[in-house]
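Q: Take a look at work15.pdb, PDB, C-alpha atoms:
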```
MODEL        1
ATOM      1  CA  MET A   1      17.946  41.512-108.487
ATOM      2  CA  THR A   2      17.177  44.699-106.631
ATOM      3  CA  ALA A   3      13.631  45.097-105.416
ATOM      4  CA  VAL A   4      11.863  47.999-106.945
ATOM      5  CA  ASP A   5       9.419  50.081-104.928
ATOM      6  CA  PRO A   6       6.194  50.260-106.889
ATOM      7  CA  GLN A   7       5.339  53.629-105.392
ATOM      8  CA  ARG A   8       8.405  55.124-107.021
ATOM      9  CA  GLN A   9       7.612  53.728-110.492
ATOM     10  CA  PRO A  10       5.383  55.972-112.553
ATOM     11  CA  GLY A  11       2.758  54.410-114.738
ATOM     12  CA  LEU A  12       1.726  51.662-112.383
ATOM     13  CA  PRO A  13      -1.944  51.402-111.380
ATOM     14  CA  GLY A  14      -2.802  53.371-108.254
ATOM     15  CA  THR A  15       0.403  55.397-108.400
ATOM     16  CA  PRO A  16       0.053  59.163-108.888
ATOM     17  CA  GLU A  17       2.256  60.372-111.653
ATOM     18  CA  LEU A  18       4.675  63.132-110.760
ATOM     19  CA  PRO A  19       5.264  65.908-113.163
ATOM     20  CA  ALA A  20       8.478  65.912-115.072
ATOM     21  CA  PRO A  21      11.207  68.178-113.791
ATOM     22  CA  ASP A  22      10.925  70.370-116.832
ATOM     23  CA  ALA A  23       7.169  70.781-116.439
ATOM     24  CA  PRO A  24       6.172  74.454-116.367
ATOM     25  CA  ASP A  25       4.136  74.190-113.109
ATOM     26  CA  ALA A  26       6.780  72.280-111.063
ATOM     27  CA  PRO A  27       8.609  75.375-109.763
ATOM     28  CA  ARG A  28       5.301  76.960-108.784
ATOM     29  CA  ARG A  29       4.292  73.859-106.781
ATOM     30  CA  ARG A  30       7.656  73.823-105.019
ATOM     31  CA  ARG A  31       7.217  77.476-104.058
ATOM     32  CA  LEU A  32       3.734  76.830-102.668
ATOM     33  CA  ALA A  33       5.011  73.916-100.596
ATOM     34  CA  ARG A  34       7.291  76.190 -98.541
ATOM     35  CA  PRO A  35       5.649  77.567 -95.359
ATOM     36  CA  PRO A  36       5.326  81.320 -95.357
ATOM     37  CA  ARG A  37       7.572  83.290 -93.018
ATOM     38  CA  LEU A  38       5.853  84.876 -90.075
ATOM     39  CA  PRO A  39       6.849  88.318 -88.912
ATOM     40  CA  ARG A  40       9.021  88.358 -85.782
ATOM     41  CA  LEU A  41       6.989  89.476 -82.818
ATOM     42  CA  PRO A  42       8.515  91.638 -80.076
ATOM     43  CA  ARG A  43       9.457  89.867 -76.855
ATOM     44  CA  LEU A  44       6.848  90.198 -74.179
ATOM     45  CA  ARG A  45       7.659  90.528 -70.513
ATOM     46  CA  ARG A  46       7.241  87.323 -68.555
ATOM     47  CA  ARG A  47       4.106  87.079 -66.513
ATOM     48  CA  GLY A  48       2.696  84.471 -64.220
ATOM     49  CA  VAL A  49       4.716  82.345 -61.824
ATOM     50  CA  GLU A  50       8.175  83.399 -63.022
ATOM     51  CA  ALA A  51       7.414  87.125 -62.869
ATOM     52  CA  ARG A  52       7.790  88.948 -59.553
ATOM     53  CA  PRO A  53       4.431  90.169 -58.234
ATOM     54  CA  ARG A  54       5.281  93.752 -57.378
ATOM     55  CA  PHE A  55       1.961  94.394 -55.673
ATOM     56  CA  ALA A  56       2.430  91.447 -53.327
ATOM     57  CA  PHE A  57       5.958  92.610 -52.543
ATOM     58  CA  VAL A  58       4.725  96.094 -51.673
ATOM     59  CA  VAL A  59       1.959  94.695 -49.462
ATOM     60  CA  THR A  60       4.450  92.448 -47.660
ATOM     61  CA  VAL A  61       6.850  95.324 -46.988
ATOM     62  CA  LEU A  62       3.983  97.530 -45.790
ATOM     63  CA  PHE A  63       2.768  94.777 -43.470
ATOM     64  CA  PHE A  64       6.160  94.331 -41.796
ATOM     65  CA  VAL A  65       6.637  98.087 -41.485
ATOM     66  CA  LEU A  66       3.281  98.530 -39.741
ATOM     67  CA  LEU A  67       3.988  95.508 -37.551
ATOM     68  CA  TYR A  68       7.510  96.312 -36.381
ATOM     69  CA  LEU A  69       7.675 100.093 -36.586
ATOM     70  CA  PRO A  70       5.851 100.683 -33.247
ATOM     71  CA  ILE A  71       8.106  98.089 -31.598
ATOM     72  CA  GLY A  72      11.167  99.806 -33.012
ATOM     73  CA  ILE A  73       9.967 103.161 -31.688
ATOM     74  CA  VAL A  74       9.511 101.683 -28.198
ATOM     75  CA  VAL A  75      13.033 100.239 -28.290
ATOM     76  CA  LEU A  76      14.480 103.518 -29.572
ATOM     77  CA  PHE A  77      12.870 105.744 -26.943
ATOM     78  CA  SER A  78      13.858 103.364 -24.165
ATOM     79  CA  PHE A  79      17.380 104.748 -24.701
ATOM     80  CA  ASN A  80      16.260 108.387 -24.725
ATOM     81  CA  SER A  81      18.065 110.655 -22.287
ATOM     82  CA  GLN A  82      15.066 112.853 -21.567
ATOM     83  CA  LYS A  83      11.528 112.177 -20.438
ATOM     84  CA  SER A  84       9.973 112.598 -23.839
ATOM     85  CA  LEU A  85       8.104 110.150 -26.022
ATOM     86  CA  THR A  86       8.228 112.298 -29.142
ATOM     87  CA  VAL A  87      11.734 113.841 -29.276
ATOM     88  CA  PHE A  88      14.884 111.739 -29.082
ATOM     89  CA  LYS A  89      17.779 113.766 -27.701
ATOM     90  CA  HIS A  90      20.726 111.601 -26.638
ATOM     91  CA  PHE A  91      21.480 107.921 -26.151
ATOM     92  CA  SER A  92      21.259 106.912 -22.483
ATOM     93  CA  THR A  93      20.499 103.922 -20.249
ATOM     94  CA  ARG A  94      18.827 106.112 -17.651
ATOM     95  CA  TRP A  95      15.468 104.373 -17.761
ATOM     96  CA  TYR A  96      16.974 100.896 -17.498
ATOM     97  CA  SER A  97      18.722 102.009 -14.328
ATOM     98  CA  ALA A  98      15.442 103.438 -13.063
ATOM     99  CA  PHE A  99      13.723 100.102 -13.704
ATOM    100  CA  PHE A 100      16.298  98.109 -11.738
ATOM    101  CA  HIS A 101      15.863 100.529  -8.814
ATOM    102  CA  ASP A 102      12.043 100.368  -8.866
ATOM    103  CA  HIS A 103      11.045  97.856  -6.177
ATOM    104  CA  VAL A 104       7.423  97.651  -7.360
ATOM    105  CA  LEU A 105       8.380  96.652 -10.910
ATOM    106  CA  LEU A 106      11.058  94.284  -9.652
ATOM    107  CA  SER A 107       8.553  92.514  -7.397
ATOM    108  CA  SER A 108       6.200  92.166 -10.385
ATOM    109  CA  LEU A 109       9.083  90.807 -12.465
ATOM    110  CA  GLY A 110       9.860  88.226  -9.802
ATOM    111  CA  MET A 111       6.196  87.244  -9.651
ATOM    112  CA  SER A 112       6.035  86.800 -13.439
ATOM    113  CA  LEU A 113       9.148  84.614 -13.373
ATOM    114  CA  LYS A 114       7.680  82.488 -10.571
ATOM    115  CA  ILE A 115       4.359  82.055 -12.386
ATOM    116  CA  SER A 116       6.111  81.180 -15.643
ATOM    117  CA  LEU A 117       8.342  78.606 -13.952
ATOM    118  CA  VAL A 118       5.478  76.882 -12.129
ATOM    119  CA  ALA A 119       3.270  76.915 -15.234
ATOM    120  CA  MET A 120       6.090  75.512 -17.335
ATOM    121  CA  ILE A 121       6.758  72.602 -14.981
ATOM    122  CA  GLY A 122       3.110  71.782 -14.376
ATOM    123  CA  SER A 123       2.035  71.984 -18.012
ATOM    124  CA  VAL A 124       5.005  69.946 -19.241
ATOM    125  CA  VAL A 125       4.433  67.132 -16.720
ATOM    126  CA  LEU A 126       0.709  66.941 -17.431
ATOM    127  CA  GLY A 127       1.160  67.492 -21.174
ATOM    128  CA  VAL A 128       3.687  64.659 -21.542
ATOM    129  CA  ALA A 129       1.431  62.252 -19.651
ATOM    130  CA  LEU A 130      -1.589  63.347 -21.698
ATOM    131  CA  ALA A 131       0.265  62.998 -25.006
ATOM    132  CA  LEU A 132       1.384  59.471 -24.100
ATOM    133  CA  GLY A 133      -2.137  58.556 -23.055
ATOM    134  CA  LEU A 134      -3.779  59.951 -26.189
ATOM    135  CA  VAL A 135      -1.377  58.163 -28.530
ATOM    136  CA  ARG A 136      -1.583  54.856 -26.654
ATOM    137  CA  ALA A 137      -5.383  55.039 -26.317
ATOM    138  CA  ARG A 138      -7.356  52.614 -28.461
ATOM    139  CA  GLY A 139     -10.588  53.274 -30.279
ATOM    140  CA  ARG A 140     -12.317  56.588 -30.755
ATOM    141  CA  LEU A 141     -11.276  58.007 -27.391
ATOM    142  CA  GLY A 142      -7.865  59.075 -28.668
ATOM    143  CA  SER A 143      -9.181  60.836 -31.776
ATOM    144  CA  TYR A 144     -11.984  62.637 -29.953
ATOM    145  CA  SER A 145      -9.650  63.700 -27.152
ATOM    146  CA  GLY A 146      -7.194  65.037 -29.719
ATOM    147  CA  LEU A 147      -9.893  67.236 -31.207
ATOM    148  CA  ILE A 148     -10.906  68.465 -27.766
ATOM    149  CA  MET A 149      -7.295  69.451 -27.028
ATOM    150  CA  LEU A 150      -7.360  71.822 -30.004
ATOM    151  CA  VAL A 151     -10.316  73.784 -28.627
ATOM    152  CA  PRO A 152      -8.273  75.890 -26.131
ATOM    153  CA  LEU A 153      -5.884  76.848 -28.935
ATOM    154  CA  ILE A 154      -8.620  78.349 -31.097
ATOM    155  CA  THR A 155     -10.731  79.805 -28.278
ATOM    156  CA  PRO A 156     -10.194  83.549 -27.723
ATOM    157  CA  GLU A 157      -8.109  84.050 -24.617
ATOM    158  CA  ILE A 158     -10.497  86.617 -23.221
ATOM    159  CA  VAL A 159     -13.202  83.936 -23.194
ATOM    160  CA  THR A 160     -10.888  81.664 -21.231
ATOM    161  CA  GLY A 161     -10.086  84.482 -18.813
ATOM    162  CA  VAL A 162     -13.719  85.350 -18.176
ATOM    163  CA  ALA A 163     -14.612  81.676 -17.755
ATOM    164  CA  SER A 164     -11.787  81.201 -15.239
ATOM    165  CA  LEU A 165     -12.919  84.279 -13.294
ATOM    166  CA  MET A 166     -16.524  83.047 -13.162
ATOM    167  CA  LEU A 167     -15.339  79.613 -12.014
ATOM    168  CA  TYR A 168     -13.313  81.043  -9.141
ATOM    169  CA  LYS A 169     -16.121  83.370  -8.111
ATOM    170  CA  GLY A 170     -18.638  80.525  -8.255
ATOM    171  CA  LEU A 171     -16.439  78.342  -6.045
ATOM    172  CA  ASP A 172     -15.789  81.303  -3.716
ATOM    173  CA  ILE A 173     -12.028  81.175  -4.323
ATOM    174  CA  THR A 174     -10.108  84.365  -3.623
ATOM    175  CA  LEU A 175      -8.032  85.561  -6.559
ATOM    176  CA  SER A 176      -4.323  85.269  -5.842
ATOM    177  CA  THR A 177      -1.055  84.100  -7.337
ATOM    178  CA  GLY A 178      -2.272  80.513  -7.044
ATOM    179  CA  THR A 179      -5.282  81.152  -9.249
ATOM    180  CA  VAL A 180      -3.036  82.659 -11.910
ATOM    181  CA  MET A 181      -0.767  79.594 -11.806
ATOM    182  CA  ILE A 182      -3.680  77.170 -12.076
ATOM    183  CA  SER A 183      -5.167  79.087 -15.011
ATOM    184  CA  GLU A 184      -1.864  79.317 -16.857
ATOM    185  CA  ILE A 185      -1.172  75.600 -16.379
ATOM    186  CA  THR A 186      -4.635  74.699 -17.647
ATOM    187  CA  PHE A 187      -4.251  76.955 -20.664
ATOM    188  CA  SER A 188      -0.726  75.723 -21.529
ATOM    189  CA  ILE A 189      -1.395  71.970 -21.382
ATOM    190  CA  SER A 190      -2.854  72.022 -24.898
ATOM    191  CA  TYR A 191       0.324  73.518 -26.381
ATOM    192  CA  VAL A 192       2.525  70.848 -24.813
ATOM    193  CA  THR A 193       0.174  68.052 -25.848
ATOM    194  CA  VAL A 194      -0.023  69.203 -29.466
ATOM    195  CA  ILE A 195       3.769  69.556 -29.688
ATOM    196  CA  LEU A 196       4.498  66.139 -28.182
ATOM    197  CA  ARG A 197       1.665  64.072 -29.598
ATOM    198  CA  SER A 198       3.028  63.708 -33.121
ATOM    199  CA  ARG A 199       6.490  63.011 -31.728
ATOM    200  CA  VAL A 200       5.127  60.221 -29.521
ATOM    201  CA  ALA A 201       3.227  58.780 -32.494
ATOM    202  CA  ALA A 202       6.466  58.681 -34.491
ATOM    203  CA  LEU A 203       8.201  56.506 -31.892
ATOM    204  CA  ASN A 204       8.418  52.790 -32.558
ATOM    205  CA  PRO A 205       6.491  50.915 -29.815
ATOM    206  CA  GLU A 206       8.648  47.854 -30.443
ATOM    207  CA  VAL A 207      11.516  49.615 -28.673
ATOM    208  CA  GLU A 208       9.527  49.712 -25.431
ATOM    209  CA  GLU A 209       8.491  46.103 -25.937
ATOM    210  CA  ALA A 210      12.119  45.114 -26.418
ATOM    211  CA  ALA A 211      13.046  46.882 -23.172
ATOM    212  CA  MET A 212      10.298  45.025 -21.312
ATOM    213  CA  ASP A 213      11.444  41.743 -22.849
ATOM    214  CA  LEU A 214      14.853  42.431 -21.318
ATOM    215  CA  GLY A 215      13.304  42.712 -17.861
ATOM    216  CA  ALA A 216      12.250  46.357 -17.599
ATOM    217  CA  THR A 217       8.882  47.289 -16.192
ATOM    218  CA  ARG A 218       6.439  49.541 -18.024
ATOM    219  CA  TRP A 219       7.533  52.595 -16.026
ATOM    220  CA  GLN A 220      11.227  51.793 -16.545
ATOM    221  CA  ALA A 221      10.663  51.435 -20.296
ATOM    222  CA  VAL A 222       8.976  54.838 -20.413
ATOM    223  CA  ARG A 223      11.606  56.485 -18.200
ATOM    224  CA  LEU A 224      14.678  54.949 -19.869
ATOM    225  CA  VAL A 225      13.522  54.654 -23.499
ATOM    226  CA  THR A 226      10.550  56.886 -24.315
ATOM    227  CA  LEU A 227      11.356  60.029 -22.344
ATOM    228  CA  PRO A 228      14.974  60.325 -23.609
ATOM    229  CA  ALA A 229      13.639  60.106 -27.166
ATOM    230  CA  LEU A 230      11.139  62.876 -26.368
ATOM    231  CA  LEU A 231      13.669  65.076 -24.571
ATOM    232  CA  PRO A 232      14.278  67.580 -27.448
ATOM    233  CA  ALA A 233      10.544  68.168 -27.934
ATOM    234  CA  ILE A 234       9.983  68.369 -24.165
ATOM    235  CA  LEU A 235      12.681  71.008 -23.696
ATOM    236  CA  ALA A 236      11.476  73.004 -26.690
ATOM    237  CA  SER A 237       7.880  72.997 -25.459
ATOM    238  CA  ALA A 238       9.008  73.954 -21.943
ATOM    239  CA  VAL A 239      10.928  77.002 -23.173
ATOM    240  CA  LEU A 240       8.027  78.020 -25.405
ATOM    241  CA  ILE A 241       5.521  77.754 -22.543
ATOM    242  CA  PHE A 242       7.767  79.848 -20.306
ATOM    243  CA  ALA A 243       7.877  82.617 -22.915
ATOM    244  CA  LEU A 244       4.118  82.500 -23.548
ATOM    245  CA  VAL A 245       3.181  82.620 -19.870
ATOM    246  CA  PHE A 246       5.686  85.366 -19.072
ATOM    247  CA  ASP A 247       4.175  87.644 -21.739
ATOM    248  CA  ASP A 248       0.560  86.681 -21.086
ATOM    249  CA  PHE A 249      -1.703  89.530 -20.026
ATOM    250  CA  VAL A 250      -5.348  88.622 -20.653
ATOM    251  CA  LEU A 251      -5.526  85.479 -18.534
ATOM    252  CA  ALA A 252      -3.379  87.002 -15.789
ATOM    253  CA  TYR A 253      -5.520  90.134 -15.704
ATOM    254  CA  PHE A 254      -8.738  88.207 -14.991
ATOM    255  CA  THR A 255      -7.263  85.783 -12.447
ATOM    256  CA  THR A 256      -4.651  87.781 -10.513
ATOM    257  CA  GLY A 257      -5.025  89.165  -7.026
ATOM    258  CA  VAL A 258      -4.323  92.620  -5.668
ATOM    259  CA  ASP A 259      -0.604  92.460  -4.928
ATOM    260  CA  PRO A 260       1.929  91.531  -6.160
ATOM    261  CA  GLN A 261       0.698  91.552  -9.734
ATOM    262  CA  PRO A 262       2.451  89.986 -12.725
ATOM    263  CA  LEU A 263       4.625  92.323 -14.747
ATOM    264  CA  ALA A 264       2.264  92.523 -17.731
ATOM    265  CA  VAL A 265      -0.657  93.524 -15.497
ATOM    266  CA  ARG A 266       1.530  96.012 -13.622
ATOM    267  CA  ILE A 267       2.546  97.663 -16.897
ATOM    268  CA  TYR A 268      -1.101  97.955 -17.949
ATOM    269  CA  SER A 269      -1.991  99.545 -14.612
ATOM    270  CA  ALA A 270       0.866 102.027 -14.998
ATOM    271  CA  ILE A 271       0.092 103.173 -18.550
ATOM    272  CA  ARG A 272      -3.497 104.071 -17.640
ATOM    273  CA  PHE A 273      -2.072 107.134 -15.887
ATOM    274  CA  GLY A 274       0.452 107.972 -18.615
ATOM    275  CA  VAL A 275       3.290 106.217 -20.388
ATOM    276  CA  GLU A 276       6.592 106.554 -18.559
ATOM    277  CA  PRO A 277       9.920 105.984 -20.319
ATOM    278  CA  THR A 278      10.586 103.223 -17.795
ATOM    279  CA  ILE A 279       7.784 101.238 -19.403
ATOM    280  CA  ASN A 280       9.671 101.413 -22.700
ATOM    281  CA  ALA A 281      12.723  99.916 -21.003
ATOM    282  CA  VAL A 282      10.627  97.148 -19.435
ATOM    283  CA  GLY A 283       8.985  96.378 -22.769
ATOM    284  CA  THR A 284      12.353  96.211 -24.493
ATOM    285  CA  LEU A 285      13.692  93.788 -21.898
ATOM    286  CA  MET A 286      10.581  91.612 -22.201
ATOM    287  CA  LEU A 287      10.898  91.629 -25.991
ATOM    288  CA  ALA A 288      14.569  90.637 -25.841
ATOM    289  CA  GLY A 289      13.814  87.854 -23.370
ATOM    290  CA  SER A 290      10.932  86.471 -25.441
ATOM    291  CA  ILE A 291      12.981  86.466 -28.647
ATOM    292  CA  THR A 292      15.827  84.682 -26.858
ATOM    293  CA  LEU A 293      13.534  82.019 -25.407
ATOM    294  CA  ILE A 294      11.716  81.360 -28.675
ATOM    295  CA  ALA A 295      15.026  81.140 -30.555
ATOM    296  CA  ALA A 296      16.242  78.658 -27.949
ATOM    297  CA  ALA A 297      13.045  76.618 -28.307
ATOM    298  CA  LEU A 298      13.532  76.413 -32.082
ATOM    299  CA  SER A 299      17.235  75.577 -31.745
ATOM    300  CA  ILE A 300      16.985  72.815 -29.124
ATOM    301  CA  PRO A 301      15.915  70.062 -31.595
ATOM    302  CA  ARG A 302      18.896  70.906 -33.803
ATOM    303  CA  LEU A 303      21.278  70.659 -30.850
ATOM    304  CA  PHE A 304      20.146  67.059 -30.405
ATOM    305  CA  GLY A 305      20.664  66.276 -34.077
ATOM    306  CA  ARG A 306      17.001  66.633 -35.041
ATOM    307  CA  SER A 307      15.931  68.627 -38.072
ATOM    308  CA  GLY A 308      12.786  70.697 -38.341
ATOM    309  CA  GLY A 309      13.275  73.248 -35.587
ATOM    310  CA  LEU A 310      10.819  75.576 -37.319
ATOM    311  CA  ASP A 311       8.199  72.811 -37.319
ATOM    312  CA  LEU A 312       7.914  72.999 -33.563
ATOM    313  CA  LEU A 313       4.171  72.507 -33.436
ATOM    314  CA  SER A 314       4.498  69.238 -35.306
ATOM    315  CA  GLY A 315       6.856  67.867 -32.702
ATOM    316  CA  ASP A 316       9.607  66.941 -35.210
TER     317      ASP A 316
ENDMDL
END
```
Is it possible to express this structure as structure tokens?
A:
Amino acid sequence: MTAVDPQRQPGLPGTPELPAPDAPDAPRRRRLARPPRLPRLPRLRRRGVEARPRFAFVVTVLFFVLLYLPIGIVVLFSFNSQKSLTVFKHFSTRWYSAFFHDHVLLSSLGMSLKISLVAMIGSVVLGVALALGLVRARGRLGSYSGLIMLVPLITPEIVTGVASLMLYKGLDITLSTGTVMISEITFSISYVTVILRSRVAALNPEVEEAAMDLGATRWQAVRLVTLPALLPAILASAVLIFALVFDDFVLAYFTTGVDPQPLAVRIYSAIRFGVEPTINAVGTLMLAGSITLIAAALSIPRLFGRSGGLDLLSGD
């Protein structure tokens, strides 16, 4: 026999009786059971994350215009044929030729290149050793030293320049090219250490231990295993330091001697008596050189098969 559902049988106790199909109120109950139709609302424009913030876009465009428009004007008027900083007449390389025939500016350029090269080598050597020491240090010394290394990065450069000047005057040291080199090396060590520290921490120390198990000394393990692994970050930090020191003005201004002055200080001394079109040419060449060096610093990790060239400060 087929089982009968008691809920479907009318007349049983506890079962509500349904009205007969021909009951007069059945159609009315069926009509009330249908949900009412809501009027169709007009489509609203999307807001929030998916919508484009027009105000933020305008602010961003305005920011880049104010930032790069003066630089573009300097580059444009460096090719001006006449000695005017307000009217552009014809395209010419006259002022570039004048720069390469100016012995004073060329001597300052050579001095800036020499200072940048010495600061790059000194800061990279000391920064690599310091990064290895901070990562290998045990206890609280490594963490506290890491925090101290960040202080020069957040300290205003004018404070560093004034402090360096007071130190040299207190020790009765005559300002010269050597004082500029020492100051630039001291200031640049923090950049190299911050770039290399995370990269050193990412290395597996068991690789060095395996090299020493095979007969290598501690120095040989560092020279043959650790330094080749750090080579992309070392080269990138070296190129970045060269660009930063070459363009540096504040620290060089407080620690340089009388002659020959670095190029940035020489340009500042020249514009106090009026801006010459040659200065526009020099600024354009410095800008092109800095962009090239920074692009090379960001591209070096990728040339060695490492990703994250834009994350240079993390050492990846």
Q: Could you check which of A:Leu105, A:Thr160, A:Ser123, A:Leu196 is closest to Val135 of chain A, using all atoms listed in the file?
A: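 Closest to Val135 of chain A of all the choices is A:Leu196.
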Q: Care to translate the PyMOL selection byres ((chain A and resi 295) around 12) into actual residues of this file, as a ChimeraX atom specification?
A: /A:236-237,239-240,243,288-294,296-302,309-310,312
Q: At a cut-off of 12 Å, can you tabulate as JSON lines every residue of segment 215-246 of chain A near segment 269-286 of chain A together with its closest atom pair and the distance in Å to one decimal, using only C-alpha atoms and ordering rows by chain then number?
A:
```
{"residue": "A:Ala243", "atom": "CA", "partner": "A:Met286", "partner_atom": "CA", "distance": 9.4}
{"residue": "A:Leu244", "atom": "CA", "partner": "A:Met286", "partner_atom": "CA", "distance": 11.3}
{"residue": "A:Val245", "atom": "CA", "partner": "A:Met286", "partner_atom": "CA", "distance": 11.9}
{"residue": "A:Phe246", "atom": "CA", "partner": "A:Met286", "partner_atom": "CA", "distance": 8.5}
```
Q: Restrict the selected residues to C-alpha atoms and save them as an mmCIF file, in the frame of the given file.
A:
```
data_model
loop_
_atom_site.group_PDB
_atom_site.id
_atom_site.type_symbol
_atom_site.label_atom_id
_atom_site.label_comp_id
_atom_site.auth_asym_id
_atom_site.auth_seq_id
_atom_site.Cartn_x
_atom_site.Cartn_y
_atom_site.Cartn_z
ATOM 1 C CA ALA A 243 7.877 82.617 -22.915
ATOM 2 C CA LEU A 244 4.118 82.500 -23.548
ATOM 3 C CA VAL A 245 3.181 82.620 -19.870
ATOM 4 C CA PHE A 246 5.686 85.366 -19.072
#
```
Q: For the provided coordinates, the residues matched by the PyMOL selection byres ((chain A and resi 149-155) around 8) should be stated as a ChimeraX atom specification.
A: /A:145-148,156-157,159-160,187,190-191,193-194
Q: Considering all atoms listed in the file, can you say which of A:Ile195, A:Phe249, A:Leu165, A:Asp213 comes closest to Gln261 of chain A?
A: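 Under the stated criterion, the closest residue is A:Phe249.
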Q: May I have the protein, DNA and RNA residues with any atom at most 10 Å from the point (6.3, 58.0, -29.2), counting only C-alpha atoms, written as a list in words?
A: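 Nearby residues: Ala131, Leu132, Val135, Arg136, Leu196, Arg197, Ser198, Arg199, Val200, Ala201, Ala202, Leu203, Asn204, Pro205, Val207, Glu208, Val222, Val225, Thr226, Leu227, Ala229 and Leu230 of chain A.
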